$ cat coords.cif   # mmCIF, C-alpha atoms
data_model
loop_
_atom_site.group_PDB
_atom_site.id
_atom_site.type_symbol
_atom_site.label_atom_id
_atom_site.label_comp_id
_atom_site.auth_asym_id
_atom_site.auth_seq_id
_atom_site.Cartn_x
_atom_site.Cartn_y
_atom_site.Cartn_z
ATOM 1 C CA MET A 1 0.000 0.000 0.000
ATOM 2 C CA SER A 2 1.341 3.434 -0.914
ATOM 3 C CA THR A 3 2.139 6.043 1.726
ATOM 4 C CA HIS A 4 -0.777 8.168 0.482
ATOM 5 C CA LYS A 5 -3.240 5.296 0.873
ATOM 6 C CA LYS A 6 -1.860 4.418 4.312
ATOM 7 C CA LEU A 7 -2.281 8.030 5.416
ATOM 8 C CA ALA A 8 -5.842 8.165 4.050
ATOM 9 C CA ALA A 9 -6.717 4.890 5.792
ATOM 10 C CA GLY A 10 -5.208 6.124 9.030
ATOM 11 C CA MET A 11 -7.174 9.370 8.903
ATOM 12 C CA ALA A 12 -10.390 7.500 8.127
ATOM 13 C CA GLY A 13 -9.779 5.175 11.056
ATOM 14 C CA PHE A 14 -9.079 8.101 13.377
ATOM 15 C CA ALA A 15 -12.236 9.878 12.214
ATOM 16 C CA SER A 16 -14.288 6.744 12.812
ATOM 17 C CA MET A 17 -12.881 6.329 16.306
ATOM 18 C CA LEU A 18 -13.549 9.993 17.078
ATOM 19 C CA TRP A 19 -17.136 9.705 15.805
ATOM 20 C CA LEU A 20 -17.720 6.572 17.856
ATOM 21 C CA GLY A 21 -16.229 8.239 20.924
ATOM 22 C CA LEU A 22 -18.407 11.316 20.566
ATOM 23 C CA THR A 23 -21.481 9.179 19.972
ATOM 24 C CA ALA A 24 -20.762 7.136 23.090
ATOM 25 C CA ALA A 25 -20.200 10.317 25.117
ATOM 26 C CA VAL A 26 -23.536 11.783 24.000
ATOM 27 C CA ALA A 27 -25.337 8.530 24.777
ATOM 28 C CA ALA A 28 -23.750 8.262 28.234
ATOM 29 C CA ASN A 29 -24.326 11.896 29.192
ATOM 30 C CA GLN A 30 -27.701 12.582 27.613
ATOM 31 C CA ARG A 31 -29.372 13.220 30.975
ATOM 32 C CA ARG A 32 -26.981 16.123 31.564
ATOM 33 C CA LEU A 33 -27.616 17.386 28.034
ATOM 34 C CA VAL A 34 -31.395 17.401 28.469
ATOM 35 C CA PHE A 35 -31.679 18.363 32.149
ATOM 36 C CA ASN A 36 -29.710 20.870 34.188
ATOM 37 C CA PRO A 37 -31.033 20.634 37.757
ATOM 38 C CA THR A 38 -30.816 23.879 39.716
ATOM 39 C CA VAL A 39 -30.813 23.324 43.472
ATOM 40 C CA GLU A 40 -30.384 26.859 44.794
ATOM 41 C CA ARG A 41 -33.602 28.831 45.194
ATOM 42 C CA GLU A 42 -34.085 31.765 42.856
ATOM 43 C CA VAL A 43 -36.116 33.491 45.586
ATOM 44 C CA LEU A 44 -34.904 32.717 49.092
ATOM 45 C CA HIS A 45 -38.187 33.335 50.926
ATOM 46 C CA PRO A 46 -40.897 33.078 48.257
ATOM 47 C CA ARG A 47 -44.277 34.584 49.029
ATOM 48 C CA SER A 48 -47.137 35.696 46.792
ATOM 49 C CA SER A 49 -48.636 39.126 47.411
ATOM 50 C CA GLY A 50 -51.999 37.927 46.085
ATOM 51 C CA HIS A 51 -52.242 34.497 47.712
ATOM 52 C CA ARG A 52 -51.890 32.567 50.901
ATOM 53 C CA THR A 53 -48.561 30.815 50.405
ATOM 54 C CA ARG A 54 -47.411 27.562 51.943
ATOM 55 C CA PRO A 55 -44.672 25.054 51.169
ATOM 56 C CA VAL A 56 -45.787 21.529 50.297
ATOM 57 C CA VAL A 57 -44.041 18.197 50.002
ATOM 58 C CA LEU A 58 -45.743 15.559 47.860
ATOM 59 C CA ARG A 59 -44.751 11.934 47.479
ATOM 60 C CA ALA A 60 -44.575 10.457 43.996
ATOM 61 C CA LYS A 61 -45.842 6.941 43.297
ATOM 62 C CA ASP A 62 -42.402 5.526 44.081
ATOM 63 C CA GLY A 63 -42.093 7.520 47.318
ATOM 64 C CA THR A 64 -39.803 10.261 45.979
ATOM 65 C CA ARG A 65 -40.371 13.555 47.822
ATOM 66 C CA LEU A 66 -41.218 16.531 45.616
ATOM 67 C CA SER A 67 -41.052 20.027 47.120
ATOM 68 C CA GLY A 68 -42.783 23.207 46.065
ATOM 69 C CA TRP A 69 -45.454 25.740 46.979
ATOM 70 C CA LEU A 70 -49.233 25.911 47.025
ATOM 71 C CA MET A 71 -50.834 29.326 46.671
ATOM 72 C CA THR A 72 -54.539 29.898 47.298
ATOM 73 C CA PRO A 73 -56.525 33.130 46.904
ATOM 74 C CA PRO A 74 -57.601 34.798 50.165
ATOM 75 C CA MET A 75 -61.288 34.761 49.171
ATOM 76 C CA PRO A 76 -63.381 31.754 50.288
ATOM 77 C CA GLY A 77 -64.709 29.027 48.011
ATOM 78 C CA SER A 78 -63.193 26.840 45.324
ATOM 79 C CA ARG A 79 -61.207 28.623 42.649
ATOM 80 C CA PRO A 80 -59.794 27.869 39.208
ATOM 81 C CA ALA A 81 -56.263 26.518 39.431
ATOM 82 C CA VAL A 82 -52.952 26.483 37.602
ATOM 83 C CA ILE A 83 -50.076 23.995 37.720
ATOM 84 C CA TYR A 84 -46.725 25.355 36.525
ATOM 85 C CA PHE A 85 -43.899 23.325 34.920
ATOM 86 C CA GLY A 86 -40.491 24.962 34.585
ATOM 87 C CA GLY A 87 -37.613 24.918 32.129
ATOM 88 C CA ARG A 88 -34.436 22.881 31.856
ATOM 89 C CA SER A 89 -32.454 24.909 34.386
ATOM 90 C CA GLU A 90 -35.351 26.428 36.308
ATOM 91 C CA GLU A 91 -36.004 26.374 40.039
ATOM 92 C CA VAL A 92 -39.615 27.499 40.469
ATOM 93 C CA SER A 93 -39.605 29.683 43.609
ATOM 94 C CA TRP A 94 -39.822 32.796 41.392
ATOM 95 C CA VAL A 95 -43.328 31.712 40.350
ATOM 96 C CA VAL A 96 -44.455 32.211 43.946
ATOM 97 C CA ARG A 97 -43.107 35.767 43.970
ATOM 98 C CA ASP A 98 -44.877 36.648 40.694
ATOM 99 C CA ALA A 99 -48.061 34.595 41.142
ATOM 100 C CA GLY A 100 -50.159 37.620 42.070
ATOM 101 C CA LYS A 101 -49.605 39.120 38.601
ATOM 102 C CA LEU A 102 -49.445 35.863 36.640
ATOM 103 C CA PHE A 103 -52.396 34.039 38.180
ATOM 104 C CA PRO A 104 -54.742 36.530 39.903
ATOM 105 C CA GLY A 105 -57.643 34.912 41.750
ATOM 106 C CA MET A 106 -56.385 31.410 40.940
ATOM 107 C CA ALA A 107 -54.970 28.646 43.092
ATOM 108 C CA VAL A 108 -51.415 27.850 41.989
ATOM 109 C CA LEU A 109 -49.151 24.836 42.430
ATOM 110 C CA ALA A 110 -45.461 25.142 41.558
ATOM 111 C CA VAL A 111 -43.361 22.067 42.381
ATOM 112 C CA ASN A 112 -39.732 21.476 41.453
ATOM 113 C CA TYR A 113 -38.879 18.484 39.269
ATOM 114 C CA ARG A 114 -36.919 15.591 40.753
ATOM 115 C CA GLY A 115 -33.385 16.765 41.484
ATOM 116 C CA TYR A 116 -34.371 20.454 41.310
ATOM 117 C CA GLY A 117 -34.686 22.707 44.344
ATOM 118 C CA ASP A 118 -35.454 20.622 47.430
ATOM 119 C CA SER A 119 -37.017 17.767 45.459
ATOM 120 C CA GLN A 120 -35.349 14.369 45.686
ATOM 121 C CA GLY A 121 -34.427 11.958 42.906
ATOM 122 C CA ASP A 122 -33.098 12.292 39.367
ATOM 123 C CA PRO A 123 -34.969 13.880 36.445
ATOM 124 C CA ALA A 124 -36.280 11.728 33.600
ATOM 125 C CA GLU A 125 -39.108 12.227 31.111
ATOM 126 C CA ALA A 126 -41.187 9.288 32.351
ATOM 127 C CA HIS A 127 -40.887 10.426 35.971
ATOM 128 C CA MET A 128 -41.689 14.032 35.113
ATOM 129 C CA VAL A 129 -44.879 13.103 33.297
ATOM 130 C CA ASP A 130 -46.014 10.646 35.981
ATOM 131 C CA ASP A 131 -45.287 13.197 38.709
ATOM 132 C CA ALA A 132 -47.091 15.928 36.779
ATOM 133 C CA CYS A 133 -50.221 13.798 36.407
ATOM 134 C CA MET A 134 -50.075 13.121 40.143
ATOM 135 C CA LEU A 135 -49.946 16.877 40.777
ATOM 136 C CA PHE A 136 -53.035 17.353 38.619
ATOM 137 C CA ASP A 137 -54.916 14.671 40.554
ATOM 138 C CA TRP A 138 -53.850 16.201 43.846
ATOM 139 C CA MET A 139 -55.027 19.658 42.838
ATOM 140 C CA ALA A 140 -58.334 18.274 41.528
ATOM 141 C CA ALA A 141 -58.986 16.786 44.980
ATOM 142 C CA HIS A 142 -58.066 19.946 46.903
ATOM 143 C CA HIS A 143 -60.938 21.751 48.617
ATOM 144 C CA HIS A 144 -59.743 25.175 47.415
ATOM 145 C CA VAL A 145 -59.827 24.089 43.753
ATOM 146 C CA ASP A 146 -62.640 23.827 41.204
ATOM 147 C CA PRO A 147 -61.711 20.497 39.548
ATOM 148 C CA ARG A 148 -63.488 21.553 36.340
ATOM 149 C CA ARG A 149 -61.061 24.461 35.858
ATOM 150 C CA ILE A 150 -57.427 23.422 36.127
ATOM 151 C CA ALA A 151 -54.934 24.831 33.627
ATOM 152 C CA VAL A 152 -51.352 23.783 32.974
ATOM 153 C CA VAL A 153 -48.565 26.229 32.123
ATOM 154 C CA GLY A 154 -45.248 24.927 30.772
ATOM 155 C CA ARG A 155 -42.125 26.854 29.917
ATOM 156 C CA SER A 156 -39.575 25.470 27.417
ATOM 157 C CA LEU A 157 -38.764 21.956 28.692
ATOM 158 C CA GLY A 158 -41.915 22.170 30.802
ATOM 159 C CA SER A 159 -44.043 22.735 27.708
ATOM 160 C CA GLY A 160 -43.397 19.099 26.853
ATOM 161 C CA VAL A 161 -44.568 18.086 30.314
ATOM 162 C CA ALA A 162 -47.686 20.266 30.092
ATOM 163 C CA VAL A 163 -48.649 18.809 26.711
ATOM 164 C CA GLN A 164 -48.445 15.258 28.016
ATOM 165 C CA VAL A 165 -50.505 16.107 31.115
ATOM 166 C CA ALA A 166 -53.139 17.675 28.848
ATOM 167 C CA LYS A 167 -53.180 14.424 26.875
ATOM 168 C CA GLU A 168 -53.684 12.291 29.994
ATOM 169 C CA ARG A 169 -55.961 14.489 32.120
ATOM 170 C CA PRO A 170 -59.063 16.715 31.539
ATOM 171 C CA VAL A 171 -57.101 19.966 31.569
ATOM 172 C CA HIS A 172 -59.211 23.093 31.139
ATOM 173 C CA SER A 173 -56.604 25.314 29.402
ATOM 174 C CA VAL A 174 -52.979 25.146 28.307
ATOM 175 C CA VAL A 175 -50.276 27.841 28.153
ATOM 176 C CA LEU A 176 -47.011 26.967 26.389
ATOM 177 C CA ILE A 177 -44.075 29.369 26.719
ATOM 178 C CA THR A 178 -41.316 28.953 24.081
ATOM 179 C CA PRO A 179 -42.505 25.428 23.208
ATOM 180 C CA TYR A 180 -40.839 23.029 20.748
ATOM 181 C CA ASP A 181 -41.947 20.198 18.500
ATOM 182 C CA SER A 182 -39.741 17.641 20.276
ATOM 183 C CA ILE A 183 -36.445 17.398 22.118
ATOM 184 C CA LEU A 184 -35.508 14.751 19.580
ATOM 185 C CA ALA A 185 -35.868 17.276 16.739
ATOM 186 C CA LEU A 186 -33.803 19.855 18.639
ATOM 187 C CA ALA A 187 -31.132 17.251 19.368
ATOM 188 C CA LYS A 188 -30.966 16.243 15.719
ATOM 189 C CA ARG A 189 -30.419 19.889 14.836
ATOM 190 C CA LYS A 190 -27.568 20.168 17.353
ATOM 191 C CA PHE A 191 -25.899 16.801 16.688
ATOM 192 C CA ARG A 192 -26.371 16.532 12.941
ATOM 193 C CA VAL A 193 -23.804 13.796 12.265
ATOM 194 C CA MET A 194 -24.834 11.473 15.088
ATOM 195 C CA PRO A 195 -27.575 8.808 15.129
ATOM 196 C CA ILE A 196 -29.313 10.685 17.919
ATOM 197 C CA GLU A 197 -32.664 8.978 17.332
ATOM 198 C CA TYR A 198 -31.112 5.697 18.481
ATOM 199 C CA MET A 199 -29.562 7.188 21.613
ATOM 200 C CA LEU A 200 -31.974 9.717 23.071
ATOM 201 C CA ARG A 201 -34.342 8.366 25.734
ATOM 202 C CA HIS A 202 -35.890 11.658 26.891
ATOM 203 C CA ARG A 203 -37.624 12.770 23.692
ATOM 204 C CA PHE A 204 -40.556 14.951 24.848
ATOM 205 C CA GLU A 205 -42.295 14.546 21.483
ATOM 206 C CA SER A 206 -45.014 17.162 21.936
ATOM 207 C CA ILE A 207 -45.775 17.168 18.219
ATOM 208 C CA LYS A 208 -47.064 13.589 18.478
ATOM 209 C CA TYR A 209 -49.589 14.513 21.160
ATOM 210 C CA ALA A 210 -50.639 17.977 19.948
ATOM 211 C CA PRO A 211 -53.471 16.764 17.670
ATOM 212 C CA THR A 212 -55.120 14.950 20.599
ATOM 213 C CA LEU A 213 -55.302 17.938 22.966
ATOM 214 C CA LYS A 214 -58.872 19.020 23.652
ATOM 215 C CA ALA A 215 -58.069 22.058 25.798
ATOM 216 C CA PRO A 216 -57.777 25.596 24.363
ATOM 217 C CA THR A 217 -54.076 26.365 23.975
ATOM 218 C CA PHE A 218 -52.122 29.636 24.090
ATOM 219 C CA VAL A 219 -48.568 29.770 22.681
ATOM 220 C CA LEU A 220 -46.078 32.479 23.638
ATOM 221 C CA ARG A 221 -42.803 32.892 21.726
ATOM 222 C CA ALA A 222 -39.700 34.919 22.497
ATOM 223 C CA ALA A 223 -38.879 37.605 19.947
ATOM 224 C CA SER A 224 -35.281 36.358 19.937
ATOM 225 C CA ASP A 225 -34.823 32.671 20.723
ATOM 226 C CA ASP A 226 -31.569 30.851 20.004
ATOM 227 C CA ILE A 227 -32.581 27.859 22.144
ATOM 228 C CA VAL A 228 -35.892 26.945 20.511
ATOM 229 C CA PRO A 229 -35.861 28.321 16.942
ATOM 230 C CA HIS A 230 -39.261 29.517 15.730
ATOM 231 C CA SER A 231 -39.264 26.824 13.065
ATOM 232 C CA HIS A 232 -39.561 24.198 15.810
ATOM 233 C CA THR A 233 -42.440 26.098 17.417
ATOM 234 C CA ASP A 234 -44.084 26.400 13.982
ATOM 235 C CA GLN A 235 -44.093 22.621 13.652
ATOM 236 C CA LEU A 236 -45.871 22.219 16.991
ATOM 237 C CA VAL A 237 -48.368 25.024 16.368
ATOM 238 C CA SER A 238 -49.386 23.484 13.042
ATOM 239 C CA LYS A 239 -50.521 20.333 14.893
ATOM 240 C CA LEU A 240 -52.288 21.816 17.927
ATOM 241 C CA ALA A 241 -55.948 20.849 17.836
ATOM 242 C CA ARG A 242 -57.341 23.903 19.684
ATOM 243 C CA LEU A 243 -54.885 26.765 19.234
ATOM 244 C CA ILE A 244 -56.481 29.974 20.524
ATOM 245 C CA ALA A 245 -53.539 32.331 20.009
ATOM 246 C CA ASP A 246 -49.880 32.268 18.985
ATOM 247 C CA GLU A 247 -48.164 35.459 20.128
ATOM 248 C CA THR A 248 -44.625 36.808 20.184
ATOM 249 C CA VAL A 249 -43.596 38.926 23.171
ATOM 250 C CA PRO A 250 -41.600 42.011 22.068
ATOM 251 C CA ASP A 251 -38.087 42.514 23.460
ATOM 252 C CA SER A 252 -38.019 38.996 24.894
ATOM 253 C CA ASP A 253 -35.539 36.143 24.656
ATOM 254 C CA HIS A 254 -35.574 32.522 25.795
ATOM 255 C CA LEU A 255 -34.289 33.409 29.266
ATOM 256 C CA ASN A 256 -36.206 36.543 30.214
ATOM 257 C CA ILE A 257 -39.626 35.899 28.682
ATOM 258 C CA PRO A 258 -41.453 34.557 31.770
ATOM 259 C CA TYR A 259 -40.311 37.451 33.965
ATOM 260 C CA LEU A 260 -41.516 40.266 31.679
ATOM 261 C CA GLU A 261 -44.625 42.219 32.693
ATOM 262 C CA ASP A 262 -45.951 41.932 29.138
ATOM 263 C CA THR A 263 -45.691 38.134 29.235
ATOM 264 C CA GLN A 264 -47.312 37.890 32.632
ATOM 265 C CA ALA A 265 -50.175 40.195 31.625
ATOM 266 C CA ARG A 266 -50.855 38.123 28.490
ATOM 267 C CA ILE A 267 -50.981 34.884 30.492
ATOM 268 C CA ALA A 268 -53.246 36.426 33.153
ATOM 269 C CA ARG A 269 -55.659 37.732 30.490
ATOM 270 C CA PHE A 270 -55.827 34.417 28.656
ATOM 271 C CA LEU A 271 -56.443 32.301 31.753
ATOM 272 C CA THR A 272 -58.952 34.743 33.263
ATOM 273 C CA SER A 273 -60.884 34.726 29.992
ATOM 274 C CA GLN A 274 -60.808 30.944 29.667
ATOM 275 C CA PHE A 275 -61.840 30.316 33.260
ATOM 276 C CA ALA A 276 -64.764 32.722 32.841
ATOM 277 C CA SER A 277 -66.106 30.572 29.997
ATOM 278 C CA ALA A 278 -68.068 27.337 30.403
ATOM 279 C CA PRO A 279 -66.026 24.869 32.493
ATOM 280 C CA ALA A 280 -64.827 21.547 31.175
ATOM 281 C CA ALA A 281 -66.096 18.157 32.358
ATOM 282 C CA ILE A 282 -65.392 17.323 35.994
ATOM 283 C CA PRO A 283 -62.371 15.024 36.286
ATOM 284 C CA SER A 284 -62.471 11.938 38.455
ATOM 285 C CA PRO A 285 -58.975 11.452 39.850
ATOM 286 C CA ALA A 286 -58.277 8.378 41.911
ATOM 287 C CA VAL A 287 -56.451 9.749 44.923
ATOM 288 C CA SER A 288 -55.102 7.395 47.525
ATOM 289 C CA GLU A 289 -52.643 9.629 49.348
ATOM 290 C CA ILE A 290 -52.604 13.362 49.863
ATOM 291 C CA VAL A 291 -50.261 15.694 51.777
ATOM 292 C CA VAL A 292 -51.479 19.102 52.905
ATOM 293 C CA PRO A 293 -49.268 21.293 55.074
ATOM 294 C CA ALA A 294 -50.938 22.780 58.113
ATOM 295 C CA VAL A 295 -50.082 26.449 58.509
ATOM 296 C CA LYS A 296 -50.469 28.537 61.646
ATOM 297 C CA ALA A 297 -48.935 31.665 60.166
ATOM 298 C CA PRO A 298 -47.747 32.288 56.614
ATOM 299 C CA ALA A 299 -44.255 33.196 57.780
ATOM 300 C CA ALA A 300 -43.848 29.981 59.661
ATOM 301 C CA ALA A 301 -45.569 27.437 57.464
ATOM 302 C CA ALA A 302 -44.950 23.858 58.444
ATOM 303 C CA VAL A 303 -44.176 21.527 55.594
ATOM 304 C CA ALA A 304 -46.242 18.358 55.635
ATOM 305 C CA ALA A 305 -45.966 15.219 53.579
ATOM 306 C CA LEU A 306 -48.840 14.357 51.281
ATOM 307 C CA PRO A 307 -49.637 10.842 50.092
ATOM 308 C CA VAL A 308 -50.757 10.842 46.488
ATOM 309 C CA PRO A 309 -52.792 8.931 43.927
ATOM 310 C CA PRO A 310 -52.408 5.210 42.937
ATOM 311 C CA ALA A 311 -39.957 14.293 32.920
ATOM 312 C CA LEU A 312 -35.342 20.135 25.968
ATOM 313 C CA PRO A 313 -33.527 22.411 24.438
ATOM 314 C CA LEU A 314 -29.909 21.314 24.835
ATOM 315 C CA ALA A 315 -28.635 24.662 26.051
ATOM 316 C CA GLU A 316 -28.947 26.871 29.126
ATOM 317 C CA GLN A 317 -32.313 28.352 30.018
#

$ encode --input "coords.cif" --output "structure tokens"
Amino acid sequence: MSTHKKLAAGMAGFASMLWLGLTAAVAANQRRLVFNPTVEREVLHPRSSGHRTRPVVLRAKDGTRLSGWLMTPPMPGSRPAVIYFGGRSEEVSWVVRDAGKLFPGMAVLAVNYRGYGDSQGDPAEAHMVDDACMLFDWMAAHHHVDPRRIAVVGRSLGSGVAVQVAKERPVHSVVLITPYDSILALAKRKFRVMPIEYMLRHRFESIKYAPTLKAPTFVLRAASDDIVPHSHTDQLVSKLARLIADETVPDSDHLNIPYLEDTQARIARFLTSQFASAPAAIPSPAVSEIVVPAVKAPAAAAVAALPVPPALPLAEQ
């Protein structure tokens, strides 16, 4: 064999080994590529100005402890409710701080994913979806909540969770902030030369479930989004069965969009309008365990454990 051929063969072999090495690295570290658990609270002492606020700890089906906050309006009677699902790197205590503007007059549940905040365990798509359905069932059984009017709000990674909850439960309304067609599609865009479809376990394929959603859906996009390109949101929007509005928030990007007053006002208007309309059918959750914290004073809320009924863009958010 000539020197030229030997060199070409050597380079081809090196390239193959490099490709195999990179492929193996992506396969082995995909959880870190999809999830980026944030443990530190964004707001140290979260409290809603428009709600009674109390910390809650819920137990998933496998016993994993999930920590977050329940906010209920000060007025008596059952109220419409919202369950919030955060992004890839998001700890959800900020939702408590802003709940008065985001969700006026509504009960709100914001719970950190497994491995995020004070929640135990490791994040995974299957766990996230199972846990999210449990949260819906828990809220539907709560005495402060009208079970006919429960909305889900999902941001970025959480939009994939919200879509799957809306597929599995009688959700009243859906809000999707910077949503995508699927994590698989985003991963293929990022790792073009790798057989990502054979490696990725956490796919969050919202586009597959979008045609089955019965709840009215509101999509919010960032004006500038280098994490979820608009083309990937376009694909999802084209399949949504009951799209009410698809809006772009001016001067927003993938990171700041949920914190902007404009975004929060749009979400509050949409949910208030939807909840004022005819309610959906009453769900019938099968709840076997429930944990409700008893609170003597808001500043010193005691966290209780609740028994409950028998888991993106591959960049920072």

$ residues_around --input "coords.cif" --residues "A:Asp130" --least-positions-apart "5" --cutoff "9 Å" --atoms "only C-alpha atoms" --output "JSON, numbers by chain"
{"A": [60, 61, 125, 135, 165, 311]}

$ resolve_selection --input "coords.cif" --expression "the PyMOL selection byres ((chain A and resi 90) around 8)" --output "ChimeraX atom specification"
/A:37-38,86-89,91-92,116,317

$ closest_residue --input "coords.cif" --among "A:Arg32, A:His172, A:Lys167, A:His144" --to "A:Ser277" --atoms "all atoms listed in the file"
A:His172

$ atom_distance --input "coords.cif" --atom1 "atom CA of A:Asp62" --atom2 "atom CA of A:Arg114"
11.9 Å

$ resolve_selection --input "coords.cif" --expression "the PyMOL selection byres ((chain A and resi 139) around 10)" --output "MDAnalysis selection string"
chainID A and resid 70 81:83 107:109 133:138 140:147 150 285 290

$ resolve_selection --input "coords.cif" --expression "the PyMOL selection byres ((chain A and resi 75) around 12)" --output "short mmCIF file (atom, residue, chain, number, x, y, z; two decimals) with C-alpha atoms, in the coordinates of the input"
data_model
loop_
_atom_site.label_atom_id
_atom_site.label_comp_id
_atom_site.auth_asym_id
_atom_site.auth_seq_id
_atom_site.Cartn_x
_atom_site.Cartn_y
_atom_site.Cartn_z
CA GLY A 50 -52.00 37.93 46.08
CA HIS A 51 -52.24 34.50 47.71
CA ARG A 52 -51.89 32.57 50.90
CA THR A 72 -54.54 29.90 47.30
CA PRO A 73 -56.52 33.13 46.90
CA PRO A 74 -57.60 34.80 50.16
CA PRO A 76 -63.38 31.75 50.29
CA GLY A 77 -64.71 29.03 48.01
CA SER A 78 -63.19 26.84 45.32
CA ARG A 79 -61.21 28.62 42.65
CA PRO A 104 -54.74 36.53 39.90
CA GLY A 105 -57.64 34.91 41.75
CA MET A 106 -56.38 31.41 40.94
CA ALA A 107 -54.97 28.65 43.09
CA HIS A 144 -59.74 25.18 47.42
#

$ axis_aligned_box --input "coords.cif" --around "stretch 258-265 of chain A" --padding-each-side "4 Å" --output "AutoDock Vina command-line options"
--center_x -45.2 --center_y 38.4 --center_z 31.6 --size_x 17.9 --size_y 15.7 --size_z 12.8

$ atom_distance --input "coords.cif" --atom1 "atom CA of A:Leu255" --atom2 "atom CA of A:Ala132"
22.9 Å

$ atom_distance --input "coords.cif" --atom1 "atom CA of A:Ser231" --atom2 "atom CA of A:Tyr180"
8.7 Å

$ closest_residue --input "coords.cif" --among "A:Ser224, A:Leu58, A:His127, A:His230" --to "A:Asn256" --atoms "all atoms listed in the file"
A:Ser224

$ closest_residue --input "coords.cif" --among "A:Phe35, A:Arg41, A:Asp131, A:Arg59" --to "A:Arg203" --atoms "only C-alpha atoms"
A:Phe35

$ closest_residue --input "coords.cif" --among "A:Val96, A:Leu184, A:Ala151, A:Leu243" --to "A:Leu44" --atoms "only C-alpha atoms"
A:Val96

$ build_atoms --input "coords.cif" --residues "stretch 228-241 of chain A" --atoms "N, CA, C and O atoms" --output "compact mmCIF listing (two decimals), in the frame of the given file"
# COMPACT_ATOMS: atom_id res chain seq x y z
N VAL A 228 -34.82 27.59 21.27
CA VAL A 228 -35.89 26.94 20.51
C VAL A 228 -36.19 27.82 19.29
O VAL A 228 -36.97 28.78 19.39
N PRO A 229 -35.59 27.52 18.15
CA PRO A 229 -35.86 28.32 16.94
C PRO A 229 -37.35 28.31 16.61
O PRO A 229 -38.05 27.33 16.86
N HIS A 230 -37.84 29.41 16.04
CA HIS A 230 -39.26 29.52 15.73
C HIS A 230 -39.75 28.41 14.80
O HIS A 230 -40.93 28.04 14.85
N SER A 231 -38.86 27.90 13.98
CA SER A 231 -39.26 26.82 13.06
C SER A 231 -39.74 25.59 13.83
O SER A 231 -40.65 24.88 13.39
N HIS A 232 -39.14 25.34 15.00
CA HIS A 232 -39.56 24.20 15.81
C HIS A 232 -40.89 24.47 16.52
O HIS A 232 -41.69 23.56 16.72
N THR A 233 -41.14 25.74 16.87
CA THR A 233 -42.44 26.10 17.42
C THR A 233 -43.50 26.04 16.33
O THR A 233 -44.64 25.60 16.57
N ASP A 234 -43.15 26.46 15.11
CA ASP A 234 -44.08 26.40 13.98
C ASP A 234 -44.61 24.98 13.77
O ASP A 234 -45.80 24.78 13.52
N GLN A 235 -43.70 24.02 13.86
CA GLN A 235 -44.09 22.62 13.65
C GLN A 235 -45.13 22.19 14.68
O GLN A 235 -46.11 21.51 14.35
N LEU A 236 -44.92 22.57 15.94
CA LEU A 236 -45.87 22.22 16.99
C LEU A 236 -47.20 22.92 16.78
O LEU A 236 -48.27 22.29 16.85
N VAL A 237 -47.15 24.23 16.52
CA VAL A 237 -48.37 25.02 16.37
C VAL A 237 -49.25 24.47 15.25
O VAL A 237 -50.48 24.45 15.35
N SER A 238 -48.63 24.00 14.19
CA SER A 238 -49.39 23.48 13.04
C SER A 238 -50.19 22.24 13.40
O SER A 238 -51.13 21.88 12.68
N LYS A 239 -49.84 21.58 14.51
CA LYS A 239 -50.52 20.33 14.89
C LYS A 239 -51.48 20.50 16.08
O LYS A 239 -52.22 19.57 16.38
N LEU A 240 -51.44 21.63 16.75
CA LEU A 240 -52.29 21.82 17.93
C LEU A 240 -53.76 21.83 17.53
O LEU A 240 -54.17 22.58 16.64
N ALA A 241 -54.55 21.02 18.22
CA ALA A 241 -55.95 20.85 17.84
C ALA A 241 -56.81 22.07 18.16
O ALA A 241 -57.75 22.38 17.42
